[in-house]
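What follows is one structure encoded as structure tokens, with my remarks underneath.
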Amino acid sequence: MSYATQKDGIFPSVCSLDCPDQCGLLVHKKDGKIIKIQGDPNHPVTKGNICNKVRHMTERIYDSNRLQYPMKRVGAKGEGKFVRISWEEAIQTITDKWKTLISSDGPESILPYSFYGNMGLLSAEGMDRRFFHRLGASLLDRSICSAAGSVGYKYTMGGSFGIDPEDTIHSKLMIFWGINAVSTNMHQVALAQKARKNGAKIVVIDVHRNQTGQFADWFIPILPGTDAALALGIMHILFKENLVDLNFLENYTVGHEELRNHVIQYDPDTVSNITGVPVADIYKLARMYGTTSPSFIRIGNGPQHHDNGGMCIRSIACLPALTGQWLVRGGGAIKGNGGYLAHNAERLQRSDLLAKKNTRMINMNQLGKALLELDHPVKSLYVYGTNPAVVAPEGNKVRKGLERDDLFVVVHELFMTETAKYADIILPATSAFENTDLYTSYWHHYIQIQEPVIKHYGESKSNVEVFHLLAKGMNFEEACLYETEEDMIEQALSHEQNPYLAEINLTSLKEKKYQKANVTTKLVDNLPTPSGKIELYSKQMERDGHPALPTYVPIEQDGDFPFLFIPGPNHNFVNSTFSHNEKHITLEKEPRLFMNEKDADSLGIKAGEYVKVFNSRGACTLKASVGETVLPGVVVTQGLWADLPGTNQLVNSLTSDRPADMGNGAVFFSCRVDVQKID
Ligand SMILES: Nc1nc2c(c(=O)[nH]1)N[C@H]1C(S)=C(S)[C@@H](COP(=O)(O)OP(=O)(O)OC[C@H]3O[C@@H](n4cnc5c(=O)[nH]c(N)nc54)[C@H](O)[C@@H]3O)O[C@H]1N2
Ligand SMILES: Nc1nc2c(c(=O)[nH]1)N[C@H]1C(S)=C(S)[C@@H](COP(=O)(O)OP(=O)(O)OC[C@H]3O[C@@H](n4cnc5c(=O)[nH]c(N)nc54)[C@H](O)[C@@H]3O)O[C@H]1N2
Ligand code: SF4
Ligand SMILES: [Mo]
């Protein structure tokens, strides 16, 4: 009997959220309903601990506001007025419209728009890709999250490969660099606590003294967008004071002599002026880094959401090589670890179905532009696993685009999100607990299978199920569009190019639930860079129009507004997920604007007062929190809040859609604003 049909018991599951920790879960059921969710005590990384968000996940699964059946719009776009329809009518309406559009405007007038609201490979990048490849729809460049940093890291290290986080308990120095790990990677913090018991020092480099800053032994505040300069300043001192591992540099890197000469210009005075970090602290940090082993850097997403984000991560990623840390257990860095668990994307996504179709690529960070400014306009948008009206930059432009009368919008969702309110047709989505799917972490080394633990909620359907129906409605005949979840998992796991997956298949996963990538080689013996070595000097970067050596490039001026605005994630939501759930809203209370006392004083703003935050793109209203958690000239807010009645808190009204230096990444944290007291 499947887990879903059993009324009572405890069943294995996986957290589907976009979070590096990807926990193994145990789901407790009574009378067919989930009554409790706990961390799997046997999972080697989860170790029985999960975050508060998911401990309260049952409140979301059974939230009375959850969407239960398909609906069609009866009010104006954005108004949120819908009536119930059948699945037959929904699929018929969508496929009729798409057939008409394909003959009048071509298939590229249809744009799928998705992200990782559910990290399951089948849900997020499986049957959807097959379907839209077959259709010949516009392609989406999914660049909103870590694109710039991933490209930057790849120039140095060849791909998404760092160390095994389980080894970091051996580290003696752990640097959390631009990551709010207490909120966003709690199991790395648990490992840090173990390391600290063994004598490790914890350093946090951030623009905001948030919960992770408070956890640090030493918190180093830095000005936004200047981290590459700090990394280069550390290199300057390491070379000058002979704290580098020449043996390692000779054997495992290219370009260390060029780098040594290049970093002469980044002396501590210069770097201090750029970063706001005092000269003495730059020396202290560099000497600590140069003399402590094993040292580990957990590179976060913050520093790469900037104009210079790719180069910044590329620069930080050079550091462990200078001190030879990649050969020490517990030494090195993690930016991402997705490379170890790379699956067979060709077989899963079937890009061959796209073969002779002449389509185009649209950057998801420029959705507003794509909806308003293209010569050959997008006529239909199919949204799943993301909430662009809240999370995408230039929010006002996005919402204006969504208002277009001639745009046919379908949204597949669990909740009436801000985006769903603009839909012509809304389709109800299952939660991940209702599906079969395959999960690979981008931080730890485990791969996990999810089998349904509860039945479908109302008439909801999974992404895979909806694409089966859409394929049928479009009269597509390819067998791969109708394959089962288990077929797809087998195909994703049969990947001769990835030896680390050798022992892992559908049967073994069904039996064991999670398995570790079988990493048998030393990372630096096996780097997928052009030279096979760590590229301190990168010819590829030169060919791509970047400086070949790590370099500090200032962020753009972005108007005359006095403050740099950092709108990052919060503790109790995951992006905008949970922003519609009462329990999580109560835990988080309301969005605040953290500002320095000096700035607040000069504007006459007192803690607890509401302020207007604005620039040429938009405005929002936030509650001021005054203190020393940010440097003067910097303001920080947390969370992607819903557009709740009586509020004005869509922070992406203020962010720009200009692309970062690499990977078409987003520049959420490189934008300027002004702040005004509200009388
Ligand atoms: N609770 C919770 N967990 C989450 C999420 C969530 O929304 N909430 N989101 C998930 C997702 S999709 C992602 S990508 C990750 C992101 O999680 P993280 O990797 O932690 O990234 P951010 O929180 O975006 O930014 C990290 C930190 O960078 C700081 N920062 C901003 N600019 C700079 C800078 O120029 N230099 C330095 N040194 N620091 C800077 C911010 O103040 C913040 O503390 O978290 C995932 N987990
Ligand atoms: N200002 C600012 N903006 C940001 C960021 C920031 O730090 N600051 N962070 C950026 C980052 S790093 C990211 S990754 C993005 C994330 O942004 P999004 O990808 O939009 O993430 P969520 O807001 O969590 O929205 C995911 C949606 O998917 C839905 N969903 C969940 N499971 C399923 C499913 O199985 N099927 C379907 N059809 N739907 C499902 C959920 O209900 C939810 O509404 O936001 C970006 N935007
Ligand atoms: S959100 Fe992250 S920490 Fe919380 S249960 Fe899911 S994977 Fe674990
Ligand atoms: Mo993300």
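In the structure tokens, each chain is lettered A, B, ... as it comes, each chain's residues begin at 1, and ligands are numbered from 1 in order of appearance.
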Proximity check chain A to ligand 3, 10 Å, nearest pairs one decimal Å, only C-alpha atoms and all ligand atoms, as CSV:
residue,atom,partner,partner_atom_place_in_ligand_line,distance
A:Val14,CA,ligand 3,7 (S),7.9
A:Cys15,CA,ligand 3,6 (Fe),4.6
A:Ser16,CA,ligand 3,6 (Fe),6.7
A:Leu17,CA,ligand 3,6 (Fe),5.6
A:Asp18,CA,ligand 3,1 (S),7.1
A:Cys19,CA,ligand 3,2 (Fe),4.6
A:Pro20,CA,ligand 3,7 (S),6.4
A:Asp21,CA,ligand 3,7 (S),4.3
A:Gln22,CA,ligand 3,7 (S),3.6
A:Cys23,CA,ligand 3,7 (S),4.2
A:Gly24,CA,ligand 3,8 (Fe),7.6
A:Leu25,CA,ligand 3,5 (S),7.5
A:Ile37,CA,ligand 3,5 (S),9.1
A:Gln38,CA,ligand 3,5 (S),8.4
A:Gly39,CA,ligand 3,5 (S),7.2
A:Val45,CA,ligand 3,8 (Fe),9.6
A:Thr46,CA,ligand 3,8 (Fe),7.1
A:Gly48,CA,ligand 3,8 (Fe),9.8
A:Asn49,CA,ligand 3,8 (Fe),7.7
A:Ile50,CA,ligand 3,5 (S),4.5
A:Cys51,CA,ligand 3,4 (Fe),4.1
A:Asn52,CA,ligand 3,4 (Fe),6.9
A:Lys53,CA,ligand 3,4 (Fe),6.1
A:Val54,CA,ligand 3,5 (S),5.0
A:Arg55,CA,ligand 3,5 (S),7.4
A:His56,CA,ligand 3,5 (S),9.9
A:Met57,CA,ligand 3,5 (S),9.1
A:Val182,CA,ligand 3,3 (S),9.6
A:Ser183,CA,ligand 3,3 (S),8.3
A:Thr184,CA,ligand 3,2 (Fe),7.0
A:Asn185,CA,ligand 3,3 (S),6.4
A:Met186,CA,ligand 3,3 (S),5.9
A:His187,CA,ligand 3,3 (S),7.0
A:Gln188,CA,ligand 3,3 (S),9.9
A:Ser441,CA,ligand 3,7 (S),9.0
A:His571,CA,ligand 3,1 (S),10.0
A:Asn572,CA,ligand 3,1 (S),9.3
A:Phe573,CA,ligand 3,1 (S),8.8
A:Val574,CA,ligand 3,1 (S),7.3
Selection: 12 Å around Arg672 of chain A, only C-alpha atoms, excl. self and same-chain fewer than 3 positions, as a ChimeraX atom specification = /A:224,306,555-567,613-619,633-636,654-656,667-669,675
Can I get the selection written as a PDB file, in the first residue's frame, with C-alpha atoms?
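Result file is out-v9.pdb:
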ATOM      1  CA  PRO A 224      27.714  46.622  -0.379  1.00  0.00           C
ATOM      2  CA  HIS A 306      25.232  43.049  -7.541  1.00  0.00           C
ATOM      3  CA  ILE A 555      28.839  48.838  -8.899  1.00  0.00           C
ATOM      4  CA  GLU A 556      26.863  51.301 -10.997  1.00  0.00           C
ATOM      5  CA  GLN A 557      25.810  54.674  -9.626  1.00  0.00           C
ATOM      6  CA  ASP A 558      22.045  53.930 -10.094  1.00  0.00           C
ATOM      7  CA  GLY A 559      20.803  57.508  -9.761  1.00  0.00           C
ATOM      8  CA  ASP A 560      21.443  60.207  -7.180  1.00  0.00           C
ATOM      9  CA  PHE A 561      19.617  58.630  -4.277  1.00  0.00           C
ATOM     10  CA  PRO A 562      21.596  58.624  -1.020  1.00  0.00           C
ATOM     11  CA  PHE A 563      21.162  55.039   0.241  1.00  0.00           C
ATOM     12  CA  LEU A 564      22.156  51.605  -1.068  1.00  0.00           C
ATOM     13  CA  PHE A 565      19.119  49.373  -0.609  1.00  0.00           C
ATOM     14  CA  ILE A 566      19.540  45.674   0.305  1.00  0.00           C
ATOM     15  CA  PRO A 567      16.184  43.812   0.154  1.00  0.00           C
ATOM     16  CA  VAL A 613      11.392  54.286   0.628  1.00  0.00           C
ATOM     17  CA  PHE A 614      11.519  55.407  -2.987  1.00  0.00           C
ATOM     18  CA  ASN A 615      13.453  55.953  -6.193  1.00  0.00           C
ATOM     19  CA  SER A 616      12.618  56.586  -9.854  1.00  0.00           C
ATOM     20  CA  ARG A 617      11.231  53.051 -10.252  1.00  0.00           C
ATOM     21  CA  GLY A 618       8.773  52.995  -7.372  1.00  0.00           C
ATOM     22  CA  ALA A 619       8.057  53.376  -3.680  1.00  0.00           C
ATOM     23  CA  GLY A 633      24.492  55.036   3.781  1.00  0.00           C
ATOM     24  CA  VAL A 634      23.076  51.489   3.732  1.00  0.00           C
ATOM     25  CA  VAL A 635      19.471  50.426   4.369  1.00  0.00           C
ATOM     26  CA  VAL A 636      18.363  46.803   4.617  1.00  0.00           C
ATOM     27  CA  LEU A 654      12.494  49.590  -6.249  1.00  0.00           C
ATOM     28  CA  THR A 655      14.959  47.140  -7.832  1.00  0.00           C
ATOM     29  CA  SER A 656      16.434  47.399 -11.317  1.00  0.00           C
ATOM     30  CA  VAL A 667      21.208  43.033  -9.263  1.00  0.00           C
ATOM     31  CA  PHE A 668      18.693  43.117  -6.399  1.00  0.00           C
ATOM     32  CA  PHE A 669      21.267  44.621  -3.995  1.00  0.00           C
ATOM     33  CA  VAL A 675      14.061  57.483   2.621  1.00  0.00           C
TER      34      VAL A 675
END
Within 8 Å of ligand 4, counting only C-alpha atoms and all ligand atoms, residues as a ChimeraX atom specification = /A:18-19,144-146,301,575
Taken to one decimal, the atom CA of Pro591 of chain A-atom CA of Thr621 of chain A distance is 9.2 Å
Write out as a PyMOL selection string each polymer residue whose atoms come within 10 Å of segment 518-533 of chain A, counting only C-alpha atoms; drop sequence neighbours fewer than 3 positions from it.
-> chain A and resi 154-164+249+251-254+321+326-327+340-341+445-446+498-504+515+536+538-540
From the DSSP assignment of the backbone, select every residue of segment 335-503 of chain A that is helix (DSSP H, G or I), and format the answer as a VMD selection string.
-> chain A and resid 338 to 341 345 to 349 351 to 354 364 to 372 388 to 391 395 to 402 420 to 422 432 to 434 463 to 473 479 to 482 485 to 493 499 to 501
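Look at Asp128 of chain A: the protein and nucleic acid residues within 10 Å of it, using only C-alpha atoms and passing over chain neighbours fewer than 4 places away, are Pro112, Ser114, Leu122, Ser123, Ala124, Phe132, His133, Arg134, Gln349, Tyr384, Asn463, Val464, Val466, Phe467, His468 and Leu481 of chain A.
Of the residues under consideration (A:Ala471, A:Ile102, A:Val204, A:Val651), A:Val204 shows the shortest atom-to-atom contact distance to Phe219 of chain A when counting only C-alpha atoms.
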Hey, can you check how far atom CA of Arg350 of chain A sits from atom CA of Arg129 of chain A?
->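 These atoms are spaced 7.3 Å apart.
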Residue set, segment 212-457 of chain A restricted to strand (DSSP E or B), as a ChimeraX atom specification | /A:218-221,253-254,295-299,332-334,361-363,380-384,408-413,425-429,437-440,446-450
Selection above as a file: C-alpha atoms, as a tab-separated table (two decimals), in the first residue's frame:
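The resulting part-v3.tsv:
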chain	number	residue	atom	x	y	z
A	218	TRP	CA	33.96	38.35	14.76
A	219	PHE	CA	31.51	40.31	12.59
A	220	ILE	CA	33.05	42.41	9.82
A	221	PRO	CA	30.66	45.00	8.33
A	253	THR	CA	46.87	26.68	-10.27
A	254	VAL	CA	47.62	28.82	-13.31
A	295	SER	CA	39.98	27.28	6.87
A	296	PHE	CA	36.62	27.20	5.15
A	297	ILE	CA	34.65	29.90	3.32
A	298	ARG	CA	30.90	29.51	2.89
A	299	ILE	CA	30.19	31.86	-0.01
A	332	GLY	CA	38.36	25.12	0.98
A	333	ALA	CA	35.01	26.70	0.13
A	334	ILE	CA	31.43	26.03	-0.89
A	361	MET	CA	15.69	33.20	-25.14
A	362	ILE	CA	14.15	35.63	-22.66
A	363	ASN	CA	15.92	36.69	-19.44
A	380	SER	CA	0.75	34.10	-23.53
A	381	LEU	CA	2.54	33.44	-20.24
A	382	TYR	CA	2.41	30.13	-18.36
A	383	VAL	CA	3.63	30.60	-14.76
A	384	TYR	CA	4.49	27.74	-12.37
A	408	PHE	CA	-3.28	35.31	-22.01
A	409	VAL	CA	-1.93	34.28	-18.60
A	410	VAL	CA	-2.14	30.85	-16.98
A	411	VAL	CA	-0.88	30.39	-13.40
A	412	HIS	CA	-0.45	26.97	-11.78
A	413	GLU	CA	-0.26	27.61	-8.02
A	425	ILE	CA	-6.93	30.68	-15.93
A	426	ILE	CA	-5.71	29.44	-12.54
A	427	LEU	CA	-4.81	25.78	-12.08
A	428	PRO	CA	-4.51	24.34	-8.54
A	429	ALA	CA	-1.16	22.71	-7.72
A	437	ASP	CA	9.91	13.42	-7.34
A	438	LEU	CA	13.70	13.37	-7.21
A	439	TYR	CA	15.74	15.84	-5.14
A	440	THR	CA	19.41	16.81	-5.32
A	446	TYR	CA	22.78	13.52	-0.88
A	447	ILE	CA	20.17	12.64	-3.47
A	448	GLN	CA	16.68	11.76	-2.24
A	449	ILE	CA	13.41	10.39	-3.54
A	450	GLN	CA	10.00	11.64	-2.53
